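Enquirer: Structure below; questions to follow.
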Amino acid sequence: MSRNKGIFFAAALALTCAATAAAASTQWGVDDSGLEFGNGPKAWTNFAIPNPRYYLTLGVKLIRLPFKIERLQPQPGGMLDAGYVADIQSVIAADTQAGAITVLDPQNFGFYPIGGKAHDILADSQAGDDYVALMGQIAQTFGREDVAIGLMNEPHTGADAAYAPLWNRAIAAIRQAGFHGMVLVPHAHWSNAADIRPDKPFTGQIVDPDNHWALELHLYMDQDSTGTYRKPTVSAQIGVQRLAGAIAWSKQSGIPIFLGETNAPATPTGLASLQAVFDMVNASPGVFWGVALWGAGPWWKPDYPLRLDPINGAEAPQITMLKKQL
């Protein structure tokens, strides 16, 4: 071959290798819902216990497991509920057997329950103290090499700089409990990925003695970025546009990203936008610690636009796309 063709071939091979390395190093998986559903303490009445085996047989390497603090710890500052702990441990055991990591996800949106009411952990010092203590208990109870601990799902009542002291206290409690695995720090403002870019960086000054944390971001492609899809997917490129700044920031800062929630409906535009995001992740080696597709779990209705569980044995189109990343 000519020298020019050789250079082109080498460049193309390098890009292919980089994309392959990114796919291999990024842990792809799903958000497996059920434990966070509804109100009340009774399994299969108030909430469901997810079974990740369907997704594990596909080869996913990450299961993000949403749960409710008030079920895990019925009394503020008290012991963890043994039955609920066993429910969580059953999912972790299945994940471990399949070689997958479990991400523990407190789905309380920046609040801690006291007396049956949600208390803002930023505004209520007692709620903040109880939350920090709980994170230490979670690390003691569930901490192991194949578990990652998320600090909170989608906090939104303050800025990252305001939350950072609380996250640092929680990280300190987690590390003091002997856990040395990955900690996932949420971006405020509902973890919206579109917020972060080099000229508008993550402003939380995170202190982790182990320096083993990633920034959790969420990415949806509807008009208001909520993932409710009351209106259609904006365009095939909207996800790429919303994620580009965060990728540039990660490369500049050296802080990895956990894309803790993303998905789009199974419409032509929705699937095209999701594929564009997958391609962007693969083209960004070293940026993404993990990617989790929302929403797996037995209690999502058949008409839920982001449902991942099979319907009448038919594989969800988003899962067909995810399988190609595994």
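Following the order of the structure tokens, first chain is A, next is B, and so on, with residues numbered from 1 inside each chain and ligands from 1 in the order they appear.
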Please identify all polymer residues within 6 Å of Ile174 (chain A), counting only C-alpha atoms, omitting same-chain residues fewer than 5 positions from it, and present them as a VMD selection string.
Expert: chain A and resid 136 139 179
Enquirer: So which residues of region 114-278 of chain A fall under strand (DSSP E or B) by DSSP, listed as an MDAnalysis selection string?
Expert: chainID A and resid 114 117:120 147:150 183:186 192 197 200 213:220 257:263
Enquirer: Can you tell me, as a PyMOL selection string, which residues in region 41-71 of chain A count as helix (DSSP H, G or I) by DSSP?
Expert: chain A and resi 53-58+69-71
Enquirer: Okay, now the selection with N, CA and C atoms, as a JSON list (two decimals), in the first residue's frame?
Expert:
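Contents of selection-v7.json, freshly written:
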[["chain", "number", "residue", "atom", "x", "y", "z"],
["A", 53, "ARG", "N", -31.61, -11.62, 36.80],
["A", 53, "ARG", "CA", -31.02, -12.74, 36.06],
["A", 53, "ARG", "C", -31.22, -12.62, 34.55],
["A", 54, "TYR", "N", -32.36, -12.11, 34.12],
["A", 54, "TYR", "CA", -32.58, -11.94, 32.67],
["A", 54, "TYR", "C", -31.48, -11.07, 32.07],
["A", 55, "TYR", "N", -31.17, -9.96, 32.73],
["A", 55, "TYR", "CA", -30.15, -9.05, 32.21],
["A", 55, "TYR", "C", -28.75, -9.61, 32.37],
["A", 56, "LEU", "N", -28.53, -10.34, 33.46],
["A", 56, "LEU", "CA", -27.21, -10.94, 33.67],
["A", 56, "LEU", "C", -26.91, -12.00, 32.61],
["A", 57, "THR", "N", -27.94, -12.75, 32.18],
["A", 57, "THR", "CA", -27.71, -13.75, 31.13],
["A", 57, "THR", "C", -27.38, -13.10, 29.80],
["A", 58, "LEU", "N", -27.76, -11.83, 29.63],
["A", 58, "LEU", "CA", -27.40, -11.11, 28.41],
["A", 58, "LEU", "C", -25.95, -10.66, 28.42],
["A", 69, "ILE", "N", -34.68, 4.80, 51.40],
["A", 69, "ILE", "CA", -34.05, 4.88, 52.71],
["A", 69, "ILE", "C", -35.01, 4.45, 53.81],
["A", 70, "GLU", "N", -36.28, 4.90, 53.74],
["A", 70, "GLU", "CA", -37.24, 4.62, 54.81],
["A", 70, "GLU", "C", -37.57, 3.14, 54.93],
["A", 71, "ARG", "N", -37.36, 2.37, 53.87],
["A", 71, "ARG", "CA", -37.53, 0.92, 53.97],
["A", 71, "ARG", "C", -36.28, 0.26, 54.54]]
Enquirer: Please list as a VMD selection string every residue within 12 Å of region 299-313 of chain A, counting only C-alpha atoms and excluding residues in the same chain fewer than 5 positions away.
Expert: chain A and resid 29 to 38 44 to 55 220 to 222 227 to 233 261 to 267 270 to 271 274 292 to 294 318 to 322
Enquirer: Excluding region 245-256 of chain A and any residue of its chain fewer than 4 positions from it, enumerate the residues within 7 Å of it, using only C-alpha atoms, and give them as a list in words.
Expert: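 Skipping anything fewer than 4 positions along the chain leaves Ala193, Ile196, Arg197, Pro198, Pro201, Ala214, Leu215, Val287, Phe288 and Trp289 of chain A.
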Enquirer: Of the residues A:Val291, A:Val185, A:Ala123, A:Leu104, which is the one nearest to His212 (chain A), using only C-alpha atoms?
Expert: A:Val185
Enquirer: For Leu122 (chain A), find every residue with an atom within 12 Å (counting only C-alpha atoms), except residues of its own chain fewer than 4 positions away, and show them as a ChimeraX atom specification.
Expert: /A:109-112,118,126-132,155-167,188
Enquirer: Could you dump the residues just selected with N, CA and C atoms as a PDB file, in the first residue's frame?
Expert:
ATOM      1  N   PHE A 109     -33.748  11.567  46.479  1.00  0.00           N
ATOM      2  CA  PHE A 109     -33.740  12.888  45.840  1.00  0.00           C
ATOM      3  C   PHE A 109     -33.229  14.015  46.741  1.00  0.00           C
ATOM      4  N   GLY A 110     -32.293  13.677  47.636  1.00  0.00           N
ATOM      5  CA  GLY A 110     -31.717  14.697  48.511  1.00  0.00           C
ATOM      6  C   GLY A 110     -32.450  14.862  49.829  1.00  0.00           C
ATOM      7  N   PHE A 111     -33.317  13.925  50.171  1.00  0.00           N
ATOM      8  CA  PHE A 111     -34.092  14.007  51.408  1.00  0.00           C
ATOM      9  C   PHE A 111     -33.855  12.770  52.273  1.00  0.00           C
ATOM     10  N   TYR A 112     -34.024  12.951  53.574  1.00  0.00           N
ATOM     11  CA  TYR A 112     -33.924  11.849  54.537  1.00  0.00           C
ATOM     12  C   TYR A 112     -35.227  11.810  55.319  1.00  0.00           C
ATOM     13  N   ALA A 118     -40.304  13.777  54.520  1.00  0.00           N
ATOM     14  CA  ALA A 118     -39.004  13.930  53.850  1.00  0.00           C
ATOM     15  C   ALA A 118     -38.352  15.233  54.302  1.00  0.00           C
ATOM     16  N   GLN A 126     -30.156  17.754  61.398  1.00  0.00           N
ATOM     17  CA  GLN A 126     -30.369  16.418  61.944  1.00  0.00           C
ATOM     18  C   GLN A 126     -30.524  15.395  60.822  1.00  0.00           C
ATOM     19  N   ALA A 127     -31.276  15.773  59.786  1.00  0.00           N
ATOM     20  CA  ALA A 127     -31.428  14.879  58.632  1.00  0.00           C
ATOM     21  C   ALA A 127     -30.073  14.630  57.984  1.00  0.00           C
ATOM     22  N   GLY A 128     -29.257  15.678  57.877  1.00  0.00           N
ATOM     23  CA  GLY A 128     -27.920  15.514  57.297  1.00  0.00           C
ATOM     24  C   GLY A 128     -27.059  14.588  58.126  1.00  0.00           C
ATOM     25  N   ASP A 129     -27.106  14.739  59.456  1.00  0.00           N
ATOM     26  CA  ASP A 129     -26.315  13.877  60.335  1.00  0.00           C
ATOM     27  C   ASP A 129     -26.769  12.424  60.229  1.00  0.00           C
ATOM     28  N   ASP A 130     -28.094  12.221  60.235  1.00  0.00           N
ATOM     29  CA  ASP A 130     -28.621  10.859  60.129  1.00  0.00           C
ATOM     30  C   ASP A 130     -28.263  10.237  58.780  1.00  0.00           C
ATOM     31  N   TYR A 131     -28.299  11.046  57.734  1.00  0.00           N
ATOM     32  CA  TYR A 131     -27.930  10.553  56.406  1.00  0.00           C
ATOM     33  C   TYR A 131     -26.473  10.094  56.380  1.00  0.00           C
ATOM     34  N   VAL A 132     -25.576  10.900  56.926  1.00  0.00           N
ATOM     35  CA  VAL A 132     -24.152  10.541  56.943  1.00  0.00           C
ATOM     36  C   VAL A 132     -23.932   9.238  57.708  1.00  0.00           C
ATOM     37  N   PRO A 155     -30.322  14.723  43.748  1.00  0.00           N
ATOM     38  CA  PRO A 155     -30.568  15.850  44.660  1.00  0.00           C
ATOM     39  C   PRO A 155     -30.774  17.123  43.853  1.00  0.00           C
ATOM     40  N   HIS A 156     -31.551  18.075  44.409  1.00  0.00           N
ATOM     41  CA  HIS A 156     -31.904  19.209  43.551  1.00  0.00           C
ATOM     42  C   HIS A 156     -32.261  20.498  44.293  1.00  0.00           C
ATOM     43  N   THR A 157     -32.056  20.556  45.609  1.00  0.00           N
ATOM     44  CA  THR A 157     -32.457  21.770  46.333  1.00  0.00           C
ATOM     45  C   THR A 157     -31.308  22.754  46.522  1.00  0.00           C
ATOM     46  N   GLY A 158     -30.127  22.422  46.071  1.00  0.00           N
ATOM     47  CA  GLY A 158     -28.982  23.318  46.201  1.00  0.00           C
ATOM     48  C   GLY A 158     -27.975  23.059  45.102  1.00  0.00           C
ATOM     49  N   ALA A 159     -26.901  23.825  45.129  1.00  0.00           N
ATOM     50  CA  ALA A 159     -25.840  23.684  44.130  1.00  0.00           C
ATOM     51  C   ALA A 159     -24.824  22.635  44.565  1.00  0.00           C
ATOM     52  N   ASP A 160     -23.983  22.223  43.625  1.00  0.00           N
ATOM     53  CA  ASP A 160     -22.965  21.216  43.932  1.00  0.00           C
ATOM     54  C   ASP A 160     -22.047  21.673  45.064  1.00  0.00           C
ATOM     55  N   ALA A 161     -21.689  22.946  45.072  1.00  0.00           N
ATOM     56  CA  ALA A 161     -20.808  23.462  46.119  1.00  0.00           C
ATOM     57  C   ALA A 161     -21.464  23.363  47.492  1.00  0.00           C
ATOM     58  N   ALA A 162     -22.787  23.505  47.543  1.00  0.00           N
ATOM     59  CA  ALA A 162     -23.500  23.408  48.816  1.00  0.00           C
ATOM     60  C   ALA A 162     -23.572  21.963  49.309  1.00  0.00           C
ATOM     61  N   TYR A 163     -23.751  21.033  48.390  1.00  0.00           N
ATOM     62  CA  TYR A 163     -23.824  19.623  48.769  1.00  0.00           C
ATOM     63  C   TYR A 163     -22.461  19.032  49.130  1.00  0.00           C
ATOM     64  N   ALA A 164     -21.389  19.562  48.577  1.00  0.00           N
ATOM     65  CA  ALA A 164     -20.068  18.937  48.698  1.00  0.00           C
ATOM     66  C   ALA A 164     -19.653  18.629  50.139  1.00  0.00           C
ATOM     67  N   PRO A 165     -19.821  19.539  51.115  1.00  0.00           N
ATOM     68  CA  PRO A 165     -19.429  19.188  52.490  1.00  0.00           C
ATOM     69  C   PRO A 165     -20.167  17.959  53.026  1.00  0.00           C
ATOM     70  N   LEU A 166     -21.444  17.826  52.644  1.00  0.00           N
ATOM     71  CA  LEU A 166     -22.218  16.664  53.078  1.00  0.00           C
ATOM     72  C   LEU A 166     -21.729  15.397  52.386  1.00  0.00           C
ATOM     73  N   TRP A 167     -21.470  15.495  51.087  1.00  0.00           N
ATOM     74  CA  TRP A 167     -20.927  14.328  50.374  1.00  0.00           C
ATOM     75  C   TRP A 167     -19.577  13.926  50.968  1.00  0.00           C
ATOM     76  N   ALA A 188     -25.885  17.920  41.412  1.00  0.00           N
ATOM     77  CA  ALA A 188     -27.151  18.508  41.824  1.00  0.00           C
ATOM     78  C   ALA A 188     -27.988  18.863  40.583  1.00  0.00           C
TER      79      ALA A 188
END
Enquirer: Rounded to one decimal place, report the CA of Ala194 (chain A)-CA of Leu62 (chain A) distance in Å.
Expert: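 A separation of 23.3 Å between them.
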Enquirer: Please report the interatomic distance between CA of Ile114 (chain A) and CA of Gly78 (chain A) in Å with one decimal.
Expert: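 Atom-to-atom, CA of Ile114 (chain A) to CA of Gly78 (chain A), that is 11.2 Å.
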Enquirer: Need to verify the contact set: Asn153 (chain A), 8 Å, only C-alpha atoms, exclusion of same-chain residues closer than 2 positions in sequence. Can you return it as a PDB file with C-alpha atoms, in the first residue's frame?
Expert:
ATOM      1  CA  ASP A 105     -28.804   3.854  44.787  1.00  0.00           C
ATOM      2  CA  PRO A 106     -30.717   5.657  47.564  1.00  0.00           C
ATOM      3  CA  GLN A 107     -33.727   6.984  45.610  1.00  0.00           C
ATOM      4  CA  ASN A 108     -34.595   9.839  47.975  1.00  0.00           C
ATOM      5  CA  PHE A 109     -33.740  12.888  45.840  1.00  0.00           C
ATOM      6  CA  GLY A 110     -31.717  14.697  48.511  1.00  0.00           C
ATOM      7  CA  GLY A 150     -24.139   5.887  45.177  1.00  0.00           C
ATOM      8  CA  LEU A 151     -24.543   8.778  47.602  1.00  0.00           C
ATOM      9  CA  PRO A 155     -30.568  15.850  44.660  1.00  0.00           C
ATOM     10  CA  PRO A 186     -24.378  12.938  42.245  1.00  0.00           C
ATOM     11  CA  TRP A 190     -31.455  16.270  39.164  1.00  0.00           C
ATOM     12  CA  SER A 191     -28.000  15.066  37.949  1.00  0.00           C
TER      13      SER A 191
END
